[in-house]
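Visitor: Submitted below is the structure of interest, expressed as structure tokens.
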Amino acid sequence: MREPEPEPEPDGDQQVLVQIRPTACLSLHLQNQLQTETESWLTFDPSMIHLTVHQCIMGTLTAHLTQSDEEEEAAAQREELSLEEAGPVSDVTGWLLWRLHGNSRGCMLLGVCGGVAFTAAFLLALAVLRGRGLCSQEAGPQQPGGGANRPLDGGAELYLGELREMMRRLLQDEDLLSTVSRVSRADHPPGSSEGTVLASEVLGRFRKLQMDHTWTESLFATLQVPDRSLTSSLHLVDSAGRVSEQIPLNPSDYCPYSATGNYTGGVVYAHYGRPEDFNWLRSVGVSAAGHLVVMRVGGGVSFAEKVRLAERNGGGGALIYPDPADLPQDPRRLGLNAHTAVSEHVHLGSGDPFTPGFPSFNLSRFPPIPSSGLPLIPALPITATVAAKLLSQLSGPPCPPSWRGRLPYVRCVLGPDFGSGRRVRLSVQNLMTPVLLNNIFSSLEGREPDQYVILGAQRDSLGPGAVKSGVGTAVLLELARTFTAMVKNGFSPRRSLLFVSWDAGDFGNVGATEWLEGYLSMLHLKAVAYFSLDQAIMGDDHLSASTSPLLVDLLDAAIRQVEHPKHAGQTIYSQAERDGGSWRIMKPLYLNSGAYSFTAFAGVPAMELRFTEDRPYPFLNTPLDTVPRLQEVLGGRLGVTGRSLAELVGEMVLRLVHDHILPLRITSYAQTVLQFSAHLNKHSAELQSRGVSPQWLFSARGDYSRAAETLQRAIDYSDLHDLNTARLYNTRIMKVEYYFLSQYVSAMETPFRHVIHGRGNHTLSALTEHLTLLTSDPGRFDENRFRRQLALFTWTLQGAANALNGDVWSIRHTHTYTHTNT
């Protein structure tokens with residue numbers, strides 16, 4: 001999206017080309033003076049107007065008198081004269097007096113020009129009194145990059161570069177460090193006294209900033225907590241079912257939303273609990289059915305996904321532990337100790353699992369409807385010590401080499417047999433309880449107040465949560481303070497800014513999701529983008545960004561502007577290129593991300609940024625997630641790293657609230673579908689032999705690609721200074737993500753309706769997975785199911801193409817209908 005470069009403005013030492021007529025000359029000088037005035041109002045020198053008018057008169061009269069003498073020879077060549085030809089003003093004045101002696105026409109023209117000069121001075125004075133609003137209308141066209149020219153509206157006359165420098169000056173390291181320390185001084189789960197005090201402090205910080213609006217929204221949500229009267233337990237039992245040994249557990253370790261109850265069985269080791277891990281177990285004849293499944297933390301799979309896959313494969317319970325191979329546990333180095341478990345919720349979804357798809361505003365009016373993402377088997381986090389005790393007694397086929405961990409005294413085998421005919425009894429005792437949650441909001445209104453950029457962070461944590469909630473809250477408050485200060489220093493954002501502190505993030509982003517469910521019908525018309533600040537700093541080596549493809553160009557431009565926190569003098573982009581390429585920064589959105597629901601459920605472009613180390617941060621979701629340990633990981637650079645992260649987010653936010661046209665890559669999804677089309681085309685012959693034609697999908701992809709490119713070209717060649725035109729295009733751009741929410745599945749049964757990022761049979765990933773069965777396992781390929789999946793995805797894509805085309809008369813399709821006589 002490029003526009004012609006604006007012509008450079010003349011500085012004080014340059015002279016301007018005067019063209020054609022005195023009025024044109026004067027108009028050009030006045031326009032130049034107005035533009036100069038817009039850029040440096042406080043340094044305006046009225047004497048420059050006298051000089052400018054004098055120069056106009058001199059140039060005009062010189063041209064007129066010269067043409068009188070040589071009218072027949074070179075009239076056409078005298079129509080443009082520069083002030084440089086006139087020489088110094090004093091010399092030109094003397095020369096004119098000599099030429100005007102006895103020349104009545106020249107005197108008369110001089111008088112006319114004097115009158116014009118008086119009128120010009122009057123008009124300029126009027127412009128001064130009317131203020132900067134009039135001046136800003138004379139600004140040139142804005143570049144897509146956002147920084148070269150000034151915005152249209154009054155009060156927004158600062159360059160993007162000037163705003164960037166202002167933001168850098170205002171960001172502070174000290175506030176970031178002190179806020180992280182304050183937030184993580186103690187455990188602060190939702191509904192606790194410490195959590196309530198922290199919520200009040202965050203609300204007070206927002207109110208102190210005196211933004212345009214600050215408020216809270218409260219709701220009751222169903223959370224799960226450990227039962228204080230009946231604790232969860234793990235026992236070894238003999239063949240008769242008698243308890244032979246109790247394995248000690250920490251009563252505070254639990255997986256929120258686990259099924260409760262008891263289960264007794266053998267033990268199967270399933271590595272990370274990924275689909276390919278269970279497939280490998282089946283391939284060697286080991287079944288998880290009827291047994292407890294032991295899995296390692298990590299592997300790119302959330303706890304909820306691990307438990308769901310164990311359940312689908314017949315497992316009766318799930319035990320999840322941190323292996324030293326994944327999270328360092330060497331007592332001589334900074335790392336997790338062998339007696340600490342990692343806790344995480346196991347609801348395969350987000351929000352209150354008893355109000356799926358609709359908000360928890362009043363539980364008394366809505367009967368609970370359990371989410372399909374709730375597990376049906378009990379799950380419990382265990383320590384490496386407990387895992388070693390269980391796995392060391394297993395017998396069965398050996399593990400593949402890649403499955404071997406670093407548990408001491410453990411010979412890696414798969415199970416399920418346990419030594420001496422013993423088995424393991426798991427008991428999970430948790431309670432569901434309604435908890436009052438508080439989401440806290442504060443906003444800065446823009447000149448287009450109904451379009452807003454949202455920044456949010458989780459506030460709660462089951463443990464101290466230096467990374468889990470402290471860092472995000474600190475960056476959120478610092479950006480709120482910085483942007484408020486910028487507004488007080490003259491910045492007038494085009495679009496509104498909304499800062500939000502979410503509650504119950506540790507339970508599956510409950511506070512954020514319930515808010516999305518309450519405002520779902522309007523967000524795609526108002527929310528430009530969402531930035532999640534959760535867990536933003538786990539190190540300072542590498543940046544990663546889980547993002548919607550629509551925001552990729554925005555991020556790429558931002559990382560070229562911000563210095564790397566660990567490598568002075570290098571931008572994040574240049575350092576990423578040294579580390580193997582900046583493309584490695586971009587990651588797909590994932591289920592437990594704070595940004596996921598915004599895109600997959602609500603259809604709002606979202607991003608979650610994170611600085612990490614080469615090795616994973618070992619203390620996340622544990623009682624050891626404290627500021628001293630985080631500072632030790634960072635080498636004491638928490639403030640510097642937090643500032644870099646805040647500057648990076650601020651850079652992208654500036655673009656979104658500053659530019660005339662939203663800098664989103666609307667053609668990005670065309671490339672995603674093109675890649676799938678190529679994969680589908682490889683199976684085209686076999687599909688057609690089954691009577692399934694992929695041509696409909698190919699046609700829809702082409703329609704979307706053409707519609708996106710046509711819209712982009714229309715934007716590139718439009719007058720973006722026409723407010724109505726710019727707003728019309730922005731409205732269409734904002735809806736692109738929303739168009740990829742399938743209209744053919746229920747939001748209650750399938751809340752993540754996005755066909756690219758969502759979950760369910762309607763998604764591109766499900767379609768791809770099913771397609772691979774054609775070659776890997778043809779017997780499991782279900783032709784009718786595949787037809788339905790293909791139709792759901794294709795219609796959503798075609799609907800997106802139709803919507804991007806605009807009005808119905810702009811859509812051109814040729815459908816072939818086949819009528820069958822019956």
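Residues are named by chain letter and number: chains run A, B, ... in the order of the structure tokens, numbers start at 1 in each chain, and ligands are numbered from 1 in the order shown.
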Mind checking DSSP for segment 621-745 of chain A and telling me the alpha helix (DSSP H) residues as a ChimeraX atom specification?
Guide: /A:627-634,638-658,668-682,684-689,695-716,723-734,736-739
Visitor: Residues of segment 442-507 of chain A that approach segment 225-249 of chain A to 12 Å or less, counting only C-alpha atoms: could you list each one with the shortest pair of atoms and its distance in Å to one decimal, rows by chain and increasing residue number, as CSV?
Guide:
```
residue,atom,partner,partner_atom,distance
A:Leu462,CA,A:Val225,CA,10.3
A:Asp506,CA,A:Val225,CA,11.8
A:Phe507,CA,A:Val225,CA,10.3
```
Visitor: Taking 3 positions as the minimum chain separation for residues in the same chain, which residues sit within 6 Å of Ala600 of chain A when counting only C-alpha atoms? Answer as a ChimeraX atom specification.
Guide: /A:596-597,752,754,757-758
Visitor: Got a sec: who's within 12 Å of Asp323 of chain A, counting only C-alpha atoms, leaving out chain neighbours fewer than 4 positions off, as a PyMOL selection string?
Guide: chain A and resi 271-272+294-299+327-330+335-342+382-388+391+403-408+410+618
Visitor: So which residues touch Glu194 of chain A within 12 Å, counting only C-alpha atoms, skipping near sequence neighbours fewer than 4 positions away, as a list in words?
Guide: Arg182, Val183, Ser184, Arg185, Ala186, Asp187, His188, Pro189, Pro190, Leu198, Ala199, Ser200, Glu201, Arg459, Asp460, Ser461, Leu462, Gly463 and Pro464 of chain A
Visitor: Export C-alpha atoms of the chosen residues as a tab-separated table (two decimals), in the first residue's frame?
Guide:
```
chain	number	residue	atom	x	y	z
A	182	ARG	CA	4.21	-5.23	43.81
A	183	VAL	CA	1.94	-7.53	41.79
A	184	SER	CA	3.94	-10.68	42.60
A	185	ARG	CA	4.58	-10.14	46.30
A	186	ALA	CA	2.09	-12.93	47.19
A	187	ASP	CA	-0.31	-15.43	45.63
A	188	HIS	CA	-3.37	-13.59	44.29
A	189	PRO	CA	-5.94	-15.98	42.78
A	190	PRO	CA	-9.35	-14.64	41.71
A	198	LEU	CA	-4.53	-5.72	43.85
A	199	ALA	CA	-7.63	-4.99	41.76
A	200	SER	CA	-8.28	-1.87	43.82
A	201	GLU	CA	-4.70	-0.71	43.35
A	459	ARG	CA	-3.96	-9.70	36.70
A	460	ASP	CA	-4.51	-12.89	38.78
A	461	SER	CA	-2.18	-15.78	39.52
A	462	LEU	CA	-2.45	-18.98	41.56
A	463	GLY	CA	1.15	-18.34	42.67
A	464	PRO	CA	3.26	-15.16	42.96
```
